[in-house]
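Participant: Shown below is the structure under consideration.
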Amino acid sequence: MVKSLGVDELYRCCDETVLSFMTTDDLPPLEGTIGQTRALDAIDFGLSLYSYGFNIFLLGENGTGRKSTIKSILEKKSLAKPVPSDWCYVFNFKSPDTPLAVSLKPGQASTFHKDMDELITSLRVEIPKVFESKEYEKQKNRIAEEFQKNQKVLFNGLEEEAQAKGFAIRKTVSGLVIVPVKKTGEPLTEEEFETLDADTRKKIEEIGKLLQDKLDDVVRAVREGEKLLKERLLKLEREAALASVGHLIDDLKKKYGENEKIVTYLEEVREDILGHLDDFKPTEEQAPPFPFMKTQKTEPTFTRYSVNLLVNNRDCKGAPCVFESNPTYYNLFGSIEHKFQYGIAVTDFSLIKAGSLHRANGGYIVIDVLDLLKNLFSYDALKRCIRNKEIKIEDVWEQYRLISTTALKPEAIPLDVKVVLIGSPYLYYLMYNLDEEYRELFKVKADFDSRMERTSENLHRYSLFIAMVCKEEGLLPFDRSGVARVVEFGSRLTDHQEKLTSRFSDVADLVRESTYWARKAGSPLVKTEHVEQAMEKRVYRSNKIEERLLEMTAEGSLIVDTSGEQVGQINGLAVFSLGDYSFGRPSRITARTYTGKAGVINIERETKMSGKVHEKAVLILTNYLGSTYAAKKPISLSASITFEQLYDMIEGDSATCAEFYALISSISGVPLKQHFAVTGSMDQNGVVQPIGGVNEKIEGFFELCKLRGLDGGHGVIIPRRNVKNLMLKKEVVDAVRDGKFSIYPIDLIEEGIEILTGLQAGRLGEDGTYPEGTVNHLVMKRLTEISKALKEKKGEKEEEDVSKKKEENETK
């Protein structure tokens with residue numbers, strides 16, 4: 001006979017004497033991460049290896065400390081790395097649509113930005129001042145007067161020669177021309193010219209042509225002089241401007257002489273300033289064409305000389321660590337903003353904004369992979385940046401527009417960053433198996449475990465964690481009994497007596513809730529009763545559906561027997577998960593057998609309400625029946641099995657043992673005790689296998705029995721391999737201690753038969769039979785009767801067929 005479990009096997013208490021403190025106030029601060037040796041080793045490996053593709057994926061359940069761990073590690077690791085360069089964008093005078101990216105030493109970019117702003121301010125003051133100075137006007141007038149003097153000399157000489165030969169210079173629409181004149185000085189008309197004799201006309205034409213050629217030469221010389229005048233005036237402007245601001249640019253070139261890109265840029269700035277001096281000259285406001293219309297004065301812009309400070313690492317200590325909480329495309333890779341002028345969206349290089357990758361360049365960036373995948377374009381663009389080792393700021397929607405528009409194409413910035421993704425194991429394996437490129441870019445897997453060993457060292461670190469939460473959040477300190485109860489809670493979350501949960505978010509929540517109840521009770525310390533109250537209240541907030549189902553069972557709406565005996569009926573146990581709360585629920589499993597050859601029929605399978613694992617479990621059960629009772633001779637059987645009053649899909653194999661007992665009871669006619677519930681899986685050899693949710697299942701049946709009144713006969717049969725998973729609530733343990741409830745562990749399927757029926761299962765003898773008075777003997781007897789009945793029915797049918805055939809022959 002199988003013995004029931006003792007109290008010590010149902011729950012592993014935490015011995016307070018192993019805790020070497022009185023309250024958590026006595027404990028030092030917690031250093032490092034608890035119970036994640038494998039993950040910490042992987043993180044250290046990934047952060048220390050800078051080869052291509054060795055980025056890190058932190059996988060694990062929520063609450064295992066992935067974010068807090070990587071944050072604390074990066075904060076320490078980054079201090080040992082050098083501060084990365086600053087980055088800024090400047091105007092590209094050769095290709096305005098392609099702004100230039102400039103790298104400077106940490107802190108220099110902001111200085112360069114300030115220097116260029118000061119240069120612009122100086123240009124706007126000094127250059128107009130030069131052009132308004134008396135010295136500049138004096139030199140300008142002297143050049144103009146010299147030109148006018150030369151022009152006058154040329155024209156005066158030609159006019160005197162023309163007058164001496166009877167000609168004059170006249171201005172027409174087509175320009176200056178030579179015309180013959182009379183002695184009175186009036187131009188000779190065409191009629192008067194025609195009245196002259198041929199020799200005179202010929203002579204006038206020859207002299208006029210000669211003078212016209214000389215006039216053309218003079219006009220050509222004047223135009224060359226005007227061109228020379230412009231060049232001299234422009235040279236004067238350049239020299240005047242350089243005299244006032246040239247030394248400022250030279251000072252900047254000297255200051256940033258180590259950066260060739262800036263020196264080249266400053267030289268281009270100088271040439272652009274000298275080429276656009278008119279922008280610096282004061283302009284008079286033009287009067288509007290109508291008094292009621294006020295025209296907006298257009299001011300020249302000097303934005304092209306400014307510096308767009310993209311990344312400023314002046315105040316950084318070590319490498320940057322960026323945690324991007326909203327990894328949209330523009331938040332990660334930067335954007336080109338626009339502003340509206342006169343209803344038109346315009347942009348320039350000064351509106352380029354940095355993304356988190358720019359700020360993390362030279363350091364580390366941490367991204368939640370689920371958020372990354374939710375945002376369109378972000379994941380593919382991130383892979384492209386890692387692969388090409390550069391960041392490009394682009395308008396991602398440009399390729400989807402019906403009409404192409406001119407857009408800025410900023411120069412790409414070299415990328416050197418360690419990318420850390422955080423996600424669930426499901427997402428890790430999904431990406432690993434479906435995305436080949438992912439495998440090349442994220443080669444380091446840091447797997448955070450959800451549980452750890454329950455050792456004395458980990459108990460101490462658990463205590464340090466509780467102390468840390470209390471001190472950081474101003475909570476009440478815990479005494480040893482409160483800490484011990486939290487430790488036991490950690491084992492319950494793992495469903496294992498030798499393990500502790502590493503989902504510290506759940507532990508921290510319990511610490512906070514326990515403090516609330518301790519303060520409400522006026523206690524200066526959090527003790528075990530406050531922790532238990534917090535756990536009870538947490539269940540109370542979530543178990544409305546569980547209580548409603550218990551009420552329906554007590555009312556008889558859901559039929560579950562907890563007393564008496566029934567043939568072909570047994571109480572199975574299942575776990576219902578609501579997401580935030582899981583509970584066990586007993587349900588009736590019934591079996592019926594009759595003469596036939598259909599075998600074991602799974603009603604849930606026939607109605608497509610059975611999952612693959614459950615279907616497999618029924619097939620295993622069927623094969624075990626065949627190997628046990630048809631070893632010497634074939635058997636015939638028709639049987640059906642079903643879960644009564646269950647209307648959802650059934651999945652899992654934890655009811656295999658219960659289904660077997662119901663089927664055996666139906667075949668043998670031996671009733672089963674209804675004050676027991678059974679859970680457990682089995683293999684084809686009859687070995688009982690462990691299942692999940694054993695604590696919830698036991699407690700679910702206990703609640704129903706308690707509701708109807710415990711009589712000392714109630715109990716649950718579980719796999720012996722699940723004993724180590726027992727961390728039952730105090731009420732169940734007390735009931736077992738008082739002899740009101742029992743838990744029986746079994747290794748073989750036959751062991752449960754004696755508990756449920758009071759009869760021995762029976763072993764197969766050498767003659768192929770089972771001892772009389774055993775359940776197996778009754779099963780074999782019933783199977784033999786079914787086989788005999790089938791043979792008799794078959795013989796009667798054969799006699800009927802022979803008789804019918806004989807009558808047909810006589811008729812013929």
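Chain labels run A, B, ... following the order of the structure tokens; each chain numbers its residues from 1, and ligands are numbered from 1 in the order shown.
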Please run DSSP on the backbone and report, as a PyMOL selection string, all residues within segment 223-361 of chain A that come out as alpha helix (DSSP H).

Facilitator: chain A and resi 223-241+247-255+260-275+329-333+356-360

Participant: At a cut-off of 6 Å, using only C-alpha atoms, what residues contact segment 308-320 of chain A? Leave out same-chain residues fewer than 4 positions from it and give the result as a ChimeraX atom specification.

Facilitator: /A:78-79,81-83,86-89,106-107,350,354,360,363

Participant: I need the residues in segment 99-247 of chain A that are strand (DSSP E) according to DSSP; give them as a PDB file with C-alpha atoms, in the first residue's frame.

Facilitator:
ATOM      1  CA  LEU A 100      29.256  67.637 -44.849  1.00  0.00           C
ATOM      2  CA  ALA A 101      29.731  65.645 -41.634  1.00  0.00           C
ATOM      3  CA  VAL A 102      32.639  66.880 -39.537  1.00  0.00           C
ATOM      4  CA  SER A 103      34.206  65.001 -36.635  1.00  0.00           C
ATOM      5  CA  LEU A 104      35.889  66.891 -33.803  1.00  0.00           C
ATOM      6  CA  PHE A 167      31.067 115.145 -88.952  1.00  0.00           C
ATOM      7  CA  ALA A 168      29.514 114.817 -85.509  1.00  0.00           C
ATOM      8  CA  ILE A 169      28.798 112.031 -82.985  1.00  0.00           C
ATOM      9  CA  ARG A 170      25.116 111.425 -82.364  1.00  0.00           C
ATOM     10  CA  LYS A 171      23.373 109.024 -79.917  1.00  0.00           C
ATOM     11  CA  THR A 172      20.637 106.845 -81.378  1.00  0.00           C
ATOM     12  CA  GLY A 175      24.043 103.359 -80.079  1.00  0.00           C
ATOM     13  CA  LEU A 176      26.600 106.062 -81.043  1.00  0.00           C
ATOM     14  CA  VAL A 177      26.975 106.813 -84.773  1.00  0.00           C
ATOM     15  CA  ILE A 178      28.969 109.251 -86.997  1.00  0.00           C
ATOM     16  CA  VAL A 179      26.792 111.589 -89.091  1.00  0.00           C
ATOM     17  CA  PRO A 180      27.819 114.370 -91.582  1.00  0.00           C
TER      18      PRO A 180
END

Participant: Which residues are near segment 443-449 of chain A? Cut-off 7 Å, only C-alpha atoms, ignore same chain within fewer than 4 positions. Put them as a PDB file with C-alpha atoms, in the first residue's frame.

Facilitator:
ATOM      1  CA  GLN A  36      22.508  34.864 -13.549  1.00  0.00           C
ATOM      2  CA  ALA A  39      24.005  35.500 -18.649  1.00  0.00           C
ATOM      3  CA  ALA A  42      27.829  36.048 -21.973  1.00  0.00           C
ATOM      4  CA  ILE A  43      27.387  39.806 -21.472  1.00  0.00           C
ATOM      5  CA  GLY A  46      29.939  40.264 -25.858  1.00  0.00           C
ATOM      6  CA  GLY A  53      28.614  40.925 -35.585  1.00  0.00           C
ATOM      7  CA  PHE A  54      29.212  40.276 -31.876  1.00  0.00           C
ATOM      8  CA  ASN A  55      26.234  42.309 -30.723  1.00  0.00           C
ATOM      9  CA  ILE A  56      24.157  40.973 -27.829  1.00  0.00           C
ATOM     10  CA  PHE A  57      20.616  39.705 -27.411  1.00  0.00           C
ATOM     11  CA  LEU A  58      19.386  39.516 -23.799  1.00  0.00           C
ATOM     12  CA  LEU A  59      16.579  36.979 -23.625  1.00  0.00           C
ATOM     13  CA  GLY A  60      14.523  35.970 -20.637  1.00  0.00           C
ATOM     14  CA  THR A  64      14.403  38.664 -14.425  1.00  0.00           C
ATOM     15  CA  ARG A 439      22.496  35.420 -37.013  1.00  0.00           C
ATOM     16  CA  SER A 502      14.850  35.077 -10.333  1.00  0.00           C
TER      17      SER A 502
END

Participant: Ranking A:Val269, A:Lys209, A:Asp479, A:Gly564 by minimum distance to Asp250 of chain A and counting only C-alpha atoms, which one comes first?

Facilitator: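 With only C-alpha atoms as the atom set, the closest residue is A:Val269.
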
Participant: Excluding same-chain residues fewer than 5 positions from segment 750-755 of chain A, what lies within 8 Å of it counting only C-alpha atoms, as an NGL selection string?

Facilitator: :A and (1-2 or 661 or 686 or 717 or 760-761 or 775)

Participant: Under the rule that only C-alpha atoms are counted, which of A:Met682, A:Leu510, A:Val420, A:Leu500 is the nearest residue to Val469 of chain A?

Facilitator: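 Going through A:Met682, A:Leu510, A:Val420, A:Leu500 one by one, the smallest distance to Val469 of chain A is for A:Leu510.
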
Participant: Could you list, as a PyMOL selection string, every residue within 9 Å of Gln689 of chain A, counting only C-alpha atoms and ignoring same-chain residues fewer than 4 positions away?

Facilitator: chain A and resi 654+680-683+719-722+747-748

Participant: Those residues with N, CA and C atoms, as a compact mmCIF listing (two decimals), in the first residue's frame please?

Facilitator:
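Written output follows (out-v5.txt):
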# COMPACT_ATOMS: atom_id res chain seq x y z
N SER A 654 -1.77 15.32 -18.64
CA SER A 654 -1.76 15.14 -17.20
C SER A 654 -2.96 14.36 -16.68
N GLY A 680 -1.66 13.08 -13.30
CA GLY A 680 -0.43 12.39 -13.65
C GLY A 680 -0.48 11.88 -15.08
N SER A 681 0.70 11.88 -15.69
CA SER A 681 0.86 11.33 -17.02
C SER A 681 1.44 9.93 -16.91
N MET A 682 1.37 9.15 -17.98
CA MET A 682 1.93 7.79 -17.96
C MET A 682 2.53 7.47 -19.32
N ASP A 683 3.49 6.50 -19.32
CA ASP A 683 4.04 6.05 -20.59
C ASP A 683 3.48 4.67 -20.92
N PRO A 719 2.03 12.09 -9.19
CA PRO A 719 3.27 11.36 -9.51
C PRO A 719 4.30 11.59 -8.40
N ARG A 720 5.02 10.55 -8.05
CA ARG A 720 6.05 10.71 -7.02
C ARG A 720 7.15 11.67 -7.47
N ARG A 721 7.35 11.75 -8.77
CA ARG A 721 8.38 12.65 -9.29
C ARG A 721 8.00 14.12 -9.13
N ASN A 722 6.78 14.40 -8.72
CA ASN A 722 6.35 15.78 -8.48
C ASN A 722 6.47 16.19 -7.01
N ASP A 747 4.51 5.75 -8.31
CA ASP A 747 5.50 5.60 -9.37
C ASP A 747 4.94 4.83 -10.55
N LEU A 748 4.06 3.84 -10.25
CA LEU A 748 3.47 3.00 -11.30
C LEU A 748 1.96 3.16 -11.31

Participant: To one decimal place in Å, what is the distance between atom CA of Asp734 of chain A and atom CA of Val7 of chain A?

Facilitator: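 Computing it gives 8.2 Å between the two atoms.
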
Participant: Using only C-alpha atoms, which protein or nucleic acid residues come within 9 Å of segment 601-606 of chain A? Drop anything in the same chain fewer than 6 positions from it, and give the result as a list in words.

Facilitator: His614, Glu615, Val618, Ser638, Ala639, Ser640, Ile641, Thr642, Phe643, Met649 and Ile650 of chain A
